[in-house]
Structures are given as structure tokens and as C-alpha cells.
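The next block is run-v6.cif, given as mmCIF, C-alpha atoms and all ligand atoms.
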```
data_work
loop_
_atom_site.group_PDB
_atom_site.id
_atom_site.type_symbol
_atom_site.label_atom_id
_atom_site.label_comp_id
_atom_site.auth_asym_id
_atom_site.auth_seq_id
_atom_site.Cartn_x
_atom_site.Cartn_y
_atom_site.Cartn_z
ATOM 1 C CA MET C 297 136.256 112.579 107.419
ATOM 2 C CA PHE C 298 132.525 112.638 106.678
ATOM 3 C CA LEU C 299 129.916 112.175 109.390
ATOM 4 C CA PRO C 300 127.172 109.603 108.834
ATOM 5 C CA LEU C 301 124.268 111.088 106.893
ATOM 6 C CA ILE C 302 120.646 109.909 106.922
ATOM 7 C CA VAL C 303 117.772 111.365 104.865
ATOM 8 C CA VAL C 304 114.127 110.297 105.230
ATOM 9 C CA HIS C 305 110.895 110.859 103.310
ATOM 10 C CA GLY C 306 107.287 110.362 104.343
ATOM 11 C CA GLY C 307 105.627 110.067 100.953
ATOM 12 C CA ALA C 308 104.807 112.164 97.921
ATOM 13 C CA GLY C 309 101.326 113.137 96.774
ATOM 14 C CA ASN C 310 98.356 115.450 97.293
ATOM 15 C CA ILE C 311 98.791 115.708 101.033
ATOM 16 C CA PRO C 312 95.878 117.558 102.666
ATOM 17 C CA ASP C 313 96.660 120.564 104.904
ATOM 18 C CA SER C 314 95.443 118.652 107.968
ATOM 19 C CA ARG C 315 98.239 116.135 107.451
ATOM 20 C CA VAL C 316 101.067 118.639 106.991
ATOM 21 C CA GLN C 317 102.087 119.191 110.623
ATOM 22 C CA PRO C 318 101.759 115.538 111.707
ATOM 23 C CA LYS C 319 103.935 114.523 108.785
ATOM 24 C CA LEU C 320 106.529 117.217 109.514
ATOM 25 C CA ASP C 321 106.646 116.027 113.130
ATOM 26 C CA GLY C 322 106.851 112.400 112.017
ATOM 27 C CA VAL C 323 109.775 112.777 109.624
ATOM 28 C CA GLN C 324 111.741 114.706 112.253
ATOM 29 C CA ARG C 325 111.085 111.992 114.827
ATOM 30 C CA ALA C 326 112.176 109.379 112.303
ATOM 31 C CA VAL C 327 115.528 111.166 111.835
ATOM 32 C CA ARG C 328 115.995 111.359 115.608
ATOM 33 C CA CYS C 329 115.267 107.608 115.942
ATOM 34 C CA ALA C 330 117.819 106.902 113.219
ATOM 35 C CA TYR C 331 120.597 108.851 114.950
ATOM 36 C CA GLU C 332 119.769 107.380 118.384
ATOM 37 C CA THR C 333 120.108 103.919 116.881
ATOM 38 C CA TYR C 334 123.322 104.834 115.059
ATOM 39 C CA GLU C 335 124.809 106.060 118.351
ATOM 40 C CA LYS C 336 124.152 102.635 119.838
ATOM 41 C CA THR C 337 125.099 100.234 117.041
ATOM 42 C CA LYS C 338 127.198 102.313 114.605
ATOM 43 C CA ASN C 339 125.380 100.443 111.846
ATOM 44 C CA ILE C 340 123.815 102.558 109.084
ATOM 45 C CA LEU C 341 121.278 99.849 108.154
ATOM 46 C CA ASP C 342 120.100 99.595 111.785
ATOM 47 C CA ALA C 343 119.704 103.385 111.735
ATOM 48 C CA THR C 344 117.691 103.661 108.506
ATOM 49 C CA GLN C 345 115.592 100.660 109.530
ATOM 50 C CA ALA C 346 114.817 102.409 112.844
ATOM 51 C CA ALA C 347 113.663 105.521 110.948
ATOM 52 C CA VAL C 348 111.356 103.447 108.744
ATOM 53 C CA GLU C 349 110.078 101.419 111.705
ATOM 54 C CA TYR C 350 109.163 104.624 113.498
ATOM 55 C CA MET C 351 107.124 105.765 110.484
ATOM 56 C CA GLU C 352 105.549 102.299 110.174
ATOM 57 C CA THR C 353 104.067 102.807 113.646
ATOM 58 C CA ASP C 354 102.874 106.377 112.958
ATOM 59 C CA GLU C 355 99.405 106.441 111.373
ATOM 60 C CA ASN C 356 100.227 109.609 109.445
ATOM 61 C CA PHE C 357 102.240 107.499 107.032
ATOM 62 C CA ASN C 358 101.133 104.857 104.566
ATOM 63 C CA ALA C 359 103.284 102.017 105.892
ATOM 64 C CA GLY C 360 102.648 99.407 108.607
ATOM 65 C CA TYR C 361 99.937 100.906 110.854
ATOM 66 C CA GLY C 362 97.941 103.394 108.766
ATOM 67 C CA SER C 363 98.506 101.671 105.430
ATOM 68 C CA VAL C 364 96.025 102.268 102.623
ATOM 69 C CA LEU C 365 93.557 99.595 101.503
ATOM 70 C CA THR C 366 93.024 97.455 98.435
ATOM 71 C CA LEU C 367 89.709 97.614 96.593
ATOM 72 C CA GLU C 368 88.472 94.762 98.828
ATOM 73 C CA GLY C 369 89.527 96.606 101.992
ATOM 74 C CA GLU C 370 92.647 94.555 102.731
ATOM 75 C CA ILE C 371 96.155 95.708 103.631
ATOM 76 C CA GLU C 372 98.958 94.297 101.467
ATOM 77 C CA LEU C 373 102.395 95.597 102.397
ATOM 78 C CA ASP C 374 105.541 96.023 100.290
ATOM 79 C CA ALA C 375 109.070 96.805 101.525
ATOM 80 C CA LEU C 376 112.641 96.842 100.251
ATOM 81 C CA VAL C 377 116.133 96.995 101.741
ATOM 82 C CA VAL C 378 119.202 97.509 99.520
ATOM 83 C CA GLU C 379 122.731 97.513 100.744
ATOM 84 C CA GLY C 380 125.310 99.238 98.545
ATOM 85 C CA LYS C 381 128.526 97.503 99.558
ATOM 86 C CA ASP C 382 127.859 94.095 98.012
ATOM 87 C CA LEU C 383 124.646 95.091 96.169
ATOM 88 C CA LYS C 384 122.542 92.886 98.419
ATOM 89 C CA ALA C 385 118.770 93.326 98.524
ATOM 90 C CA GLY C 386 115.764 91.902 100.353
ATOM 91 C CA ALA C 387 112.101 92.611 99.710
ATOM 92 C CA VAL C 388 108.570 91.535 100.523
ATOM 93 C CA THR C 389 105.332 92.032 98.631
ATOM 94 C CA GLY C 390 101.699 91.484 99.595
ATOM 95 C CA LEU C 391 102.699 90.883 103.218
ATOM 96 C CA ARG C 392 99.747 90.897 105.648
ATOM 97 C CA ASN C 393 99.310 91.588 109.360
ATOM 98 C CA VAL C 394 102.852 92.751 110.062
ATOM 99 C CA LEU C 395 103.685 96.120 111.623
ATOM 100 C CA HIS C 396 107.273 96.219 110.371
ATOM 101 C CA PRO C 397 107.548 94.881 106.795
ATOM 102 C CA ILE C 398 110.986 96.524 106.591
ATOM 103 C CA ALA C 399 112.276 94.093 109.250
ATOM 104 C CA VAL C 400 111.022 91.147 107.176
ATOM 105 C CA ALA C 401 112.651 92.573 104.017
ATOM 106 C CA ARG C 402 115.967 92.768 105.886
ATOM 107 C CA LEU C 403 115.579 89.152 107.027
ATOM 108 C CA VAL C 404 114.973 88.089 103.417
ATOM 109 C CA MET C 405 118.258 89.797 102.513
ATOM 110 C CA GLU C 406 120.225 88.348 105.411
ATOM 111 C CA LYS C 407 118.723 84.874 105.844
ATOM 112 C CA THR C 408 117.797 83.670 102.363
ATOM 113 C CA PRO C 409 119.534 83.303 98.992
ATOM 114 C CA HIS C 410 116.618 85.237 97.415
ATOM 115 C CA VAL C 411 115.634 88.870 96.940
ATOM 116 C CA LEU C 412 111.811 89.002 96.916
ATOM 117 C CA LEU C 413 109.271 86.866 98.788
ATOM 118 C CA SER C 414 105.495 86.972 98.248
ATOM 119 C CA GLY C 415 102.223 85.151 99.030
ATOM 120 C CA ASP C 416 102.111 82.229 101.492
ATOM 121 C CA GLY C 417 105.888 82.032 101.343
ATOM 122 C CA VAL C 418 106.434 85.457 102.847
ATOM 123 C CA GLN C 419 103.800 84.884 105.574
ATOM 124 C CA GLU C 420 105.400 81.572 106.566
ATOM 125 C CA PHE C 421 108.864 83.131 106.464
ATOM 126 C CA ALA C 422 107.776 85.961 108.797
ATOM 127 C CA LEU C 423 106.164 83.500 111.179
ATOM 128 C CA LYS C 424 109.252 81.294 111.208
ATOM 129 C CA HIS C 425 111.340 84.291 112.222
ATOM 130 C CA ASN C 426 108.964 85.161 115.059
ATOM 131 C CA ILE C 427 107.720 88.382 113.499
ATOM 132 C CA PRO C 428 104.678 89.304 115.599
ATOM 133 C CA THR C 429 101.273 89.249 113.910
ATOM 134 C CA GLU C 430 99.380 92.525 114.039
ATOM 135 C CA SER C 431 95.661 92.440 113.336
ATOM 136 C CA SER C 432 94.938 96.170 113.716
ATOM 137 C CA LEU C 433 96.897 98.050 111.069
ATOM 138 C CA TYR C 434 93.607 99.618 109.892
ATOM 139 C CA THR C 435 92.808 103.293 110.514
ATOM 140 C CA LYS C 436 89.668 105.357 110.036
ATOM 141 C CA ASP C 437 91.453 107.522 107.465
ATOM 142 C CA ALA C 438 92.367 104.505 105.354
ATOM 143 C CA TRP C 439 88.696 103.389 105.259
ATOM 144 C CA GLN C 440 87.599 106.920 104.388
ATOM 145 C CA ALA C 441 90.137 107.126 101.583
ATOM 146 C CA LEU C 442 88.813 103.856 100.149
ATOM 147 C CA GLU C 443 85.200 105.071 100.360
ATOM 148 C CA HIS C 444 86.211 108.303 98.660
ATOM 149 C CA PHE C 445 88.040 106.303 95.989
ATOM 150 C CA LYS C 446 85.021 104.111 95.282
ATOM 151 C CA LYS C 447 82.549 106.986 95.271
ATOM 152 C CA ASN C 448 84.608 109.112 92.920
ATOM 153 C CA LYS C 449 85.919 106.242 90.837
ATOM 154 C CA ALA C 450 89.211 107.988 91.399
ATOM 155 C CA GLU C 451 92.357 107.001 89.676
ATOM 156 C CA PRO C 452 94.761 105.384 92.131
ATOM 157 C CA SER C 453 97.289 108.168 91.471
ATOM 158 C CA LYS C 454 95.016 110.762 93.075
ATOM 159 C CA MET C 455 94.517 108.771 96.239
ATOM 160 C CA GLU C 456 97.000 110.321 98.592
ATOM 161 C CA ILE C 457 94.092 112.397 99.905
ATOM 162 C CA GLY C 458 93.192 111.299 103.411
ATOM 163 C CA SER C 459 95.974 108.760 103.495
ATOM 164 C CA GLY C 460 99.611 108.952 104.394
ATOM 165 C CA GLY C 461 102.572 108.333 102.172
ATOM 166 C CA THR C 462 105.137 105.655 101.568
ATOM 167 C CA VAL C 463 108.164 105.988 103.845
ATOM 168 C CA GLY C 464 111.856 105.759 103.072
ATOM 169 C CA ALA C 465 115.236 106.272 104.716
ATOM 170 C CA ILE C 466 118.638 106.300 103.034
ATOM 171 C CA GLY C 467 122.039 106.603 104.633
ATOM 172 C CA ILE C 468 125.803 106.678 104.199
ATOM 173 C CA ASP C 469 128.200 105.858 107.045
ATOM 174 C CA VAL C 470 131.711 107.084 107.850
ATOM 175 C CA ASP C 471 133.222 104.434 105.550
ATOM 176 C CA GLY C 472 131.028 105.433 102.603
ATOM 177 C CA HIS C 473 128.788 102.393 102.987
ATOM 178 C CA MET C 474 125.267 103.138 101.693
ATOM 179 C CA VAL C 475 121.804 101.687 102.311
ATOM 180 C CA SER C 476 118.226 102.290 101.188
ATOM 181 C CA CYS C 477 115.024 101.270 103.042
ATOM 182 C CA THR C 478 111.463 101.802 101.753
ATOM 183 C CA SER C 479 108.090 100.587 103.065
ATOM 184 C CA THR C 480 104.502 101.107 101.891
ATOM 185 C CA GLY C 481 100.897 100.012 101.888
ATOM 186 C CA GLY C 482 100.814 100.919 98.185
ATOM 187 C CA ILE C 483 97.949 102.962 96.759
ATOM 188 C CA THR C 484 94.305 103.153 97.832
ATOM 189 C CA GLY C 485 91.984 101.004 95.725
ATOM 190 C CA LYS C 486 94.785 98.904 94.258
ATOM 191 C CA MET C 487 93.834 95.497 92.909
ATOM 192 C CA LYS C 488 94.420 92.458 95.085
ATOM 193 C CA GLY C 489 97.910 91.162 94.370
ATOM 194 C CA ARG C 490 99.126 94.393 92.764
ATOM 195 C CA VAL C 491 102.884 94.799 93.189
ATOM 196 C CA GLY C 492 104.114 98.388 93.142
ATOM 197 C CA ASP C 493 107.512 99.965 92.698
ATOM 198 C CA THR C 494 108.534 99.816 96.349
ATOM 199 C CA PRO C 495 109.754 96.192 96.590
ATOM 200 C CA ILE C 496 111.553 96.280 93.238
ATOM 201 C CA PRO C 497 115.271 97.149 93.360
ATOM 202 C CA GLY C 498 115.998 99.916 90.847
ATOM 203 C CA SER C 499 112.461 101.315 91.051
ATOM 204 C CA GLY C 500 111.445 101.811 94.710
ATOM 205 C CA GLY C 501 115.030 102.155 95.875
ATOM 206 C CA TYR C 502 118.625 101.257 95.258
ATOM 207 C CA ALA C 503 122.085 101.680 96.785
ATOM 208 C CA ASP C 504 125.507 101.287 95.254
ATOM 209 C CA ASP C 505 128.544 102.419 97.255
ATOM 210 C CA ASN C 506 130.245 103.412 93.991
ATOM 211 C CA ILE C 507 127.482 105.886 93.092
ATOM 212 C CA GLY C 508 124.784 106.711 95.647
ATOM 213 C CA THR C 509 121.550 105.680 97.324
ATOM 214 C CA VAL C 510 117.899 106.474 96.517
ATOM 215 C CA SER C 511 114.387 105.868 97.890
ATOM 216 C CA THR C 512 111.333 106.790 95.801
ATOM 217 C CA THR C 513 107.649 107.468 96.413
ATOM 218 C CA GLY C 514 104.606 108.372 94.349
ATOM 219 C CA TYR C 515 102.582 106.700 91.639
ATOM 220 C CA GLY C 516 104.245 103.304 91.802
ATOM 221 C CA ASP C 517 103.087 101.822 88.522
ATOM 222 C CA ALA C 518 104.781 104.693 86.696
ATOM 223 C CA ILE C 519 107.900 104.545 88.914
ATOM 224 C CA LEU C 520 108.168 100.850 87.998
ATOM 225 C CA ARG C 521 107.819 101.566 84.287
ATOM 226 C CA TYR C 522 110.460 104.279 84.497
ATOM 227 C CA ASN C 523 112.973 102.529 86.845
ATOM 228 C CA VAL C 524 113.306 105.792 88.728
ATOM 229 C CA ALA C 525 115.926 104.836 91.340
ATOM 230 C CA GLN C 526 118.227 103.283 88.773
ATOM 231 C CA ARG C 527 117.876 106.232 86.397
ATOM 232 C CA ILE C 528 118.768 108.700 89.161
ATOM 233 C CA LEU C 529 121.942 106.772 89.954
ATOM 234 C CA HIS C 530 122.799 106.554 86.271
ATOM 235 C CA ALA C 531 122.462 110.339 85.921
ATOM 236 C CA ILE C 532 124.846 110.765 88.887
ATOM 237 C CA GLU C 533 127.307 108.391 87.198
ATOM 238 C CA LEU C 534 127.142 110.649 84.142
ATOM 239 C CA GLY C 535 128.116 113.675 86.258
ATOM 240 C CA ALA C 536 124.885 115.148 87.669
ATOM 241 C CA THR C 537 124.671 116.138 91.337
ATOM 242 C CA ALA C 538 122.216 114.226 93.543
ATOM 243 C CA GLN C 539 119.791 117.162 93.329
ATOM 244 C CA GLU C 540 120.096 117.597 89.550
ATOM 245 C CA ALA C 541 119.713 113.856 88.932
ATOM 246 C CA SER C 542 116.621 113.543 91.141
ATOM 247 C CA GLU C 543 114.899 116.590 89.631
ATOM 248 C CA LYS C 544 115.688 115.644 86.049
ATOM 249 C CA VAL C 545 114.549 112.024 86.253
ATOM 250 C CA LEU C 546 111.270 112.897 88.002
ATOM 251 C CA GLN C 547 110.548 115.653 85.481
ATOM 252 C CA ASN C 548 111.338 113.294 82.606
ATOM 253 C CA MET C 549 108.974 110.683 84.072
ATOM 254 C CA LEU C 550 106.229 113.292 84.307
ATOM 255 C CA ASP C 551 106.857 114.330 80.686
ATOM 256 C CA ARG C 552 106.942 110.752 79.363
ATOM 257 C CA ILE C 553 104.299 109.022 81.498
ATOM 258 C CA GLY C 554 102.303 111.922 82.952
ATOM 259 C CA LYS C 555 102.568 110.766 86.583
ATOM 260 C CA THR C 556 104.172 112.411 89.591
ATOM 261 C CA ALA C 557 106.637 111.076 92.138
ATOM 262 C CA GLY C 558 109.313 112.045 94.634
ATOM 263 C CA ALA C 559 112.782 110.840 95.581
ATOM 264 C CA ILE C 560 115.497 111.312 98.170
ATOM 265 C CA THR C 561 119.083 110.706 97.071
ATOM 266 C CA ILE C 562 122.587 110.772 98.556
ATOM 267 C CA ALA C 563 125.564 110.657 96.180
ATOM 268 C CA LYS C 564 128.867 109.122 97.270
ATOM 269 C CA ASP C 565 130.303 112.632 97.776
ATOM 270 C CA HIS C 566 127.612 113.017 100.477
ATOM 271 C CA SER C 567 125.615 115.569 98.471
ATOM 272 C CA ILE C 568 121.847 115.334 98.949
ATOM 273 C CA GLY C 569 118.960 115.362 96.459
ATOM 274 C CA ILE C 570 115.369 116.012 97.545
ATOM 275 C CA ALA C 571 112.883 116.367 94.683
ATOM 276 C CA PHE C 572 109.211 115.838 93.890
ATOM 277 C CA THR C 573 106.875 116.592 91.010
ATOM 278 C CA SER C 574 103.840 115.866 93.206
ATOM 279 C CA GLN C 575 102.167 118.681 95.142
ATOM 280 C CA ARG C 576 103.996 117.755 98.359
ATOM 281 C CA MET C 577 106.522 115.349 99.875
ATOM 282 C CA ALA C 578 107.592 115.233 103.537
ATOM 283 C CA TRP C 579 111.357 114.923 104.079
ATOM 284 C CA ALA C 580 113.991 115.531 106.771
ATOM 285 C CA TYR C 581 117.705 115.150 107.457
ATOM 286 C CA LYS C 582 120.288 116.226 110.001
ATOM 287 C CA LYS C 583 123.473 118.162 109.281
ATOM 288 C CA GLU C 584 125.881 119.202 112.007
ATOM 289 C CA ASN C 585 123.681 120.272 114.926
ATOM 290 C CA LYS C 586 120.594 121.081 112.886
ATOM 291 C CA ILE C 587 117.654 119.152 111.537
ATOM 292 C CA TYR C 588 116.305 120.363 108.178
ATOM 293 C CA TYR C 589 112.819 119.418 107.046
ATOM 294 C CA GLY C 590 110.000 120.360 104.697
ATOM 295 C CA ILE C 591 106.929 119.289 102.742
ATOM 296 C CA ASP C 592 106.149 122.115 100.270
ATOM 297 C CA LYS C 593 108.246 123.165 97.288
ATOM 298 C CA ASP C 594 110.895 125.820 97.980
ATOM 299 C CA LYS C 595 110.048 125.940 101.684
ATOM 300 C CA GLN C 596 112.480 124.550 104.230
ATOM 301 C CA PHE C 597 112.506 124.633 108.037
ATOM 302 C CA GLU C 598 115.382 124.069 110.428
ATOM 303 C CA GLU C 599 115.738 123.406 114.114
ATOM 304 C CA ILE C 600 118.521 122.637 116.568
ATOM 305 C CA PHE C 601 118.873 118.849 116.772
HETATM 306 N N1 LIG H 701 102.636 106.502 98.175
HETATM 307 C C1 LIG H 701 103.464 105.777 97.475
HETATM 308 O O1 LIG H 701 104.595 106.139 97.347
HETATM 309 C C2 LIG H 701 102.915 104.527 96.850
HETATM 310 C C3 LIG H 701 103.904 103.537 96.310
HETATM 311 N N2 LIG H 701 104.942 104.127 95.485
HETATM 312 C C4 LIG H 701 103.168 102.505 95.490
HETATM 313 O O2 LIG H 701 102.725 102.832 94.406
HETATM 314 O O3 LIG H 701 102.986 101.422 95.934
#
```

Is it possible to express this structure as C-alpha cells?
Amino acid sequence: MFLPLIVVHGGAGNIPDSRVQPKLDGVQRAVRCAYETYEKTKNILDATQAAVEYMETDENFNAGYGSVLTLEGEIELDALVVEGKDLKAGAVTGLRNVLHPIAVARLVMEKTPHVLLSGDGVQEFALKHNIPTESSLYTKDAWQALEHFKKNKAEPSKMEIGSGGTVGAIGIDVDGHMVSCTSTGGITGKMKGRVGDTPIPGSGGYADDNIGTVSTTGYGDAILRYNVAQRILHAIELGATAQEASEKVLQNMLDRIGKTAGAITIAKDHSIGIAFTSQRMAWAYKKENKIYYGIDKDKQFEEIF
């Protein structure tokens, strides 16, 4: 029998050296939160949600508190939950003043007949479900990143500098049931109302118990155009391992569109894929009594769990 398996990421991009250790610490803590929750509820969605919620409270990640800013200096949050047993999904886009967009995405999945809520509708929905309002999601780093963006007229794709990264957690339980959770503030200097890849099933994430589960991060407009999550699962269906599928699809996206991204993947045989074409991506998972984690290419750390 397989043990439950949870993999997390803390965003792909040009992560500055000063952010490396805080992100490595953060992804490890997220994995620990996930397993603590799994111990209590034996529910893989509760566990992956707990991992994402931890990272939404940690300012070293671009999700919830610490999210990056639009061109006008606002925070507009996107999140997605996909559940691979019945192919259910819930998502939010442009959500404001909420620390845990992932919790609202799950409520959309569980309490409505719809998949994606936006605008006034999503704010009212969150309020109706007693999601607390949070007025201070803003950090100094996020303001600095926006200033830097404006001064340098930088392309949004370069704007991981000084900001965190999108967060994601995927999991498979003892019965082979798979889930995918992803949450983000998007990209620094994005236009008001811009919807990225994260809340779109098949781009920002996906889960299908018959194939595998994926969460993506990186330049979202390209990930959307390339349907990265869905393509990774399709490659697995055609016989690739989780690692091969993740590497190949991200490389193909770079070749076709010229933009970088990262992905974490679990195939239904419990094999893991961790890949990124960006400079860095923080990731972590637990196997037996060890936690494995990393951020740079071809460099992996391990510690007793
Ligand atoms: N850092 C990220 O992963 C950003 C996210 N994919 C977006 O474009 O909204």
C-alpha cells in the first residue's frame, strides 16, 4: 500500500539570493503543516489546503499576505482547487482583502454549481461564508517590486525580483485520490482585472485520479496559452514519467513561446516530477522519514522529518 504523498512549490522565477533561505524554510514548513493536518483529518484536500494556507500567511511567497501588486498598487488574488476523483474544481479571480483565497476557491467547488467566481460576486460570496476581511496583505517588498517595475518599464515576466512566488500543493492519498491547490497574487505590474493561469483548470493546475495531479507557476500568460497542466497530464497518459512529462512540456513552452515556468507533478503510480525552466523554483516533499527540498537546479537537500 502507498503512503499519502504531498508535494509543494513556492513559485518559479528570478528569486534573489536574499529570498533563498526564507523560501526553503517556508516550503518545508508548508509540508509539515500538510502532514499535521493529514494526521488529524485523513483528508488529502485538507492537507494540501493547509500547506497553501501556511504559504499564504508567509510574506516570502506571492500569495495572500505578501502578494504582488497591480500597476495601480492593488492586490488581486487568484486561486484554484481541483479534485481528481470526480473532476470537481473551484476557483476565484481578482479576489480582494482575503488572506486565504484557497479557502474561498474550495467553497466555490463545494457550495456552488460553478467553477470560477470573479468581481463583486466573489467578494459577496466570501462575505456570505464568513471569510474574514484582511486589509493588510501589503508588504514593503511588494511596493518595492512595483516601483522597480515602473522605473525599469520591466516586462511582467521579469518581476519575480523582490517578490515571492505563487504557491501550490498537490497530493495523493492512500486510495489514490488526487488533489491540486494553487494560490497567487499574480505578477507585479499586471493590469487591473488581468486573469492569469492560476485560477484556470488545465493551466494553473489539474488533477485526475486516472492520470495524475499538477500545480504550475511562472509567467502565467504563457502558461495559459500553453495549457501547461493539461499538457503534462497528457504526456503522462502517453507513457512519460511525471518527471519526463514536466520537463518536456516546460521546455516546449520555452521553445514555442519564449517564457519560463515551473511545475510539480505526481503521477498515479506515485512518481514525482519537479521541473522548472526559470532560474529557480522552491519545492519540498516528504518521503518515508525524510523531507526533501530545493530551489536551484540539480541541487537537493534532505533532512529528517
Ligand atoms: N509567480 C507566478 O507563478 C505567477 C502566476 N503564474 C501568474 O502569472 O499569475

Contacts to ligand LIG 701 (chain H) at 9 Å cut-off (only C-alpha atoms and all ligand atoms) as a PDB file with C-alpha atoms, keeping the file's coordinate frame:
```
ATOM      1  CA  GLY C 306     107.287 110.362 104.343  1.00  0.00           C
ATOM      2  CA  GLY C 307     105.627 110.067 100.953  1.00  0.00           C
ATOM      3  CA  ALA C 308     104.807 112.164  97.921  1.00  0.00           C
ATOM      4  CA  GLY C 309     101.326 113.137  96.774  1.00  0.00           C
ATOM      5  CA  PHE C 357     102.240 107.499 107.032  1.00  0.00           C
ATOM      6  CA  ASN C 358     101.133 104.857 104.566  1.00  0.00           C
ATOM      7  CA  ALA C 359     103.284 102.017 105.892  1.00  0.00           C
ATOM      8  CA  LEU C 373     102.395  95.597 102.397  1.00  0.00           C
ATOM      9  CA  ASP C 374     105.541  96.023 100.290  1.00  0.00           C
ATOM     10  CA  PRO C 452      94.761 105.384  92.131  1.00  0.00           C
ATOM     11  CA  SER C 453      97.289 108.168  91.471  1.00  0.00           C
ATOM     12  CA  MET C 455      94.517 108.771  96.239  1.00  0.00           C
ATOM     13  CA  GLU C 456      97.000 110.321  98.592  1.00  0.00           C
ATOM     14  CA  SER C 459      95.974 108.760 103.495  1.00  0.00           C
ATOM     15  CA  GLY C 460      99.611 108.952 104.394  1.00  0.00           C
ATOM     16  CA  GLY C 461     102.572 108.333 102.172  1.00  0.00           C
ATOM     17  CA  THR C 462     105.137 105.655 101.568  1.00  0.00           C
ATOM     18  CA  VAL C 463     108.164 105.988 103.845  1.00  0.00           C
ATOM     19  CA  SER C 479     108.090 100.587 103.065  1.00  0.00           C
ATOM     20  CA  THR C 480     104.502 101.107 101.891  1.00  0.00           C
ATOM     21  CA  GLY C 481     100.897 100.012 101.888  1.00  0.00           C
ATOM     22  CA  GLY C 482     100.814 100.919  98.185  1.00  0.00           C
ATOM     23  CA  ILE C 483      97.949 102.962  96.759  1.00  0.00           C
ATOM     24  CA  THR C 484      94.305 103.153  97.832  1.00  0.00           C
ATOM     25  CA  LYS C 486      94.785  98.904  94.258  1.00  0.00           C
ATOM     26  CA  ARG C 490      99.126  94.393  92.764  1.00  0.00           C
ATOM     27  CA  VAL C 491     102.884  94.799  93.189  1.00  0.00           C
ATOM     28  CA  GLY C 492     104.114  98.388  93.142  1.00  0.00           C
ATOM     29  CA  ASP C 493     107.512  99.965  92.698  1.00  0.00           C
ATOM     30  CA  THR C 494     108.534  99.816  96.349  1.00  0.00           C
ATOM     31  CA  PRO C 495     109.754  96.192  96.590  1.00  0.00           C
ATOM     32  CA  GLY C 500     111.445 101.811  94.710  1.00  0.00           C
ATOM     33  CA  THR C 512     111.333 106.790  95.801  1.00  0.00           C
ATOM     34  CA  THR C 513     107.649 107.468  96.413  1.00  0.00           C
ATOM     35  CA  GLY C 514     104.606 108.372  94.349  1.00  0.00           C
ATOM     36  CA  TYR C 515     102.582 106.700  91.639  1.00  0.00           C
ATOM     37  CA  GLY C 516     104.245 103.304  91.802  1.00  0.00           C
ATOM     38  CA  ASP C 517     103.087 101.822  88.522  1.00  0.00           C
ATOM     39  CA  ALA C 518     104.781 104.693  86.696  1.00  0.00           C
ATOM     40  CA  ILE C 519     107.900 104.545  88.914  1.00  0.00           C
ATOM     41  CA  LEU C 520     108.168 100.850  87.998  1.00  0.00           C
ATOM     42  CA  ALA C 557     106.637 111.076  92.138  1.00  0.00           C
ATOM     43  CA  GLY C 558     109.313 112.045  94.634  1.00  0.00           C
TER      44      GLY C 558
END
```

Atom-to-atom span, CA of Ile562 (chain C) and CA of Lys384 (chain C), Å: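 Atom-to-atom, CA of Ile562 (chain C) to CA of Lys384 (chain C), that is 17.9 Å.
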
Selection result for the PyMOL selection byres (((chain C and resi 433) around 7) and not hetatm) on this file, as number ranges by chain: C: 360-363, 430-432, 434-435

The PyMOL selection byres (((chain C and resi 377-380) around 8) and not hetatm) resolved against shown file, as a PyMOL selection string: chain C and resi 341+375-376+381-387+398+401-402+405+473-478+497+501-506+509

Edge lengths and centre in Å to one decimal, as JSON, of the axis-aligned box that encloses all listed atoms of region 331-348 of chain C with 8 Å added on every side?
```
{"center_x": 119.3, "center_y": 104.2, "center_z": 114.0, "size_x": 31.8, "size_y": 25.3, "size_z": 27.7}
```

Distance query 9 Å from (121.7, 107.4, 102.0) using all atoms listed in the file, result as JSON, numbers by chain: {"C": [301, 302, 303, 304, 340, 344, 465, 466, 467, 468, 469, 473, 474, 475, 476, 503, 508, 509, 510, 511, 560, 561, 562, 563, 564, 566, 568]}

Point-to-point distance from CA of Lys544 (chain C) to CA of Gly472 (chain C), Å rounded to tenths: 24.8 Å

Neighbour list for region 312-321 of chain C as a ChimeraX atom specification, cut-off 10 Å, all atoms listed in the file, skip fewer than 4 positions in-chain: /C:305-307,325-326,351,354-357,456-461,575-580,589-592,597

Distance criterion (all atoms listed in the file): nearest to Thr573 (chain C) out of C:Ile507, C:Leu529, C:Asn310, C:Pro300: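 Of all the options, C:Asn310 lies closest to Thr573 (chain C).
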
Residues matched by the PyMOL selection byres (((chain C and resi 582) around 9) and not hetatm) as number ranges by chain: C: 301-303, 324, 327-328, 331, 580-581, 583-589, 601

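Interatomic distance, CA of Ser414 (chain C) against CA of Tyr522 (chain C): 22.7 Å.
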
Nearby residues (all atoms listed in the file) at most 8 Å from Val400 (chain C), same-chain spacing under 5 positions excluded, as a PyMOL selection string: chain C and resi 387-388+422+427

Proximity to Ala536 (chain C) - best of C:Lys488, C:Gly569, C:Thr556, C:Asn339, all atoms listed in the file: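 Of C:Lys488, C:Gly569, C:Thr556, C:Asn339, the one nearest Ala536 (chain C) is C:Gly569, counting all atoms listed in the file.
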
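For the residues C:Leu546, C:Ile528, C:Leu442, C:Ala571, ranking by smallest atom-to-atom distance to Gly498 (chain C) using only C-alpha atoms places C:Ile528 first.
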
Counting only C-alpha atoms, the residue of C:Leu391, C:Ile570, C:Glu406, C:Lys446 that sits nearest Glu420 (chain C): C:Leu391

Residues near region 423-426 of chain C, cut-off 10 Å, only C-alpha atoms, skip fewer than 3 positions along chain, as a VMD selection string: chain C and resid 394 400 403 407 417 to 420 429
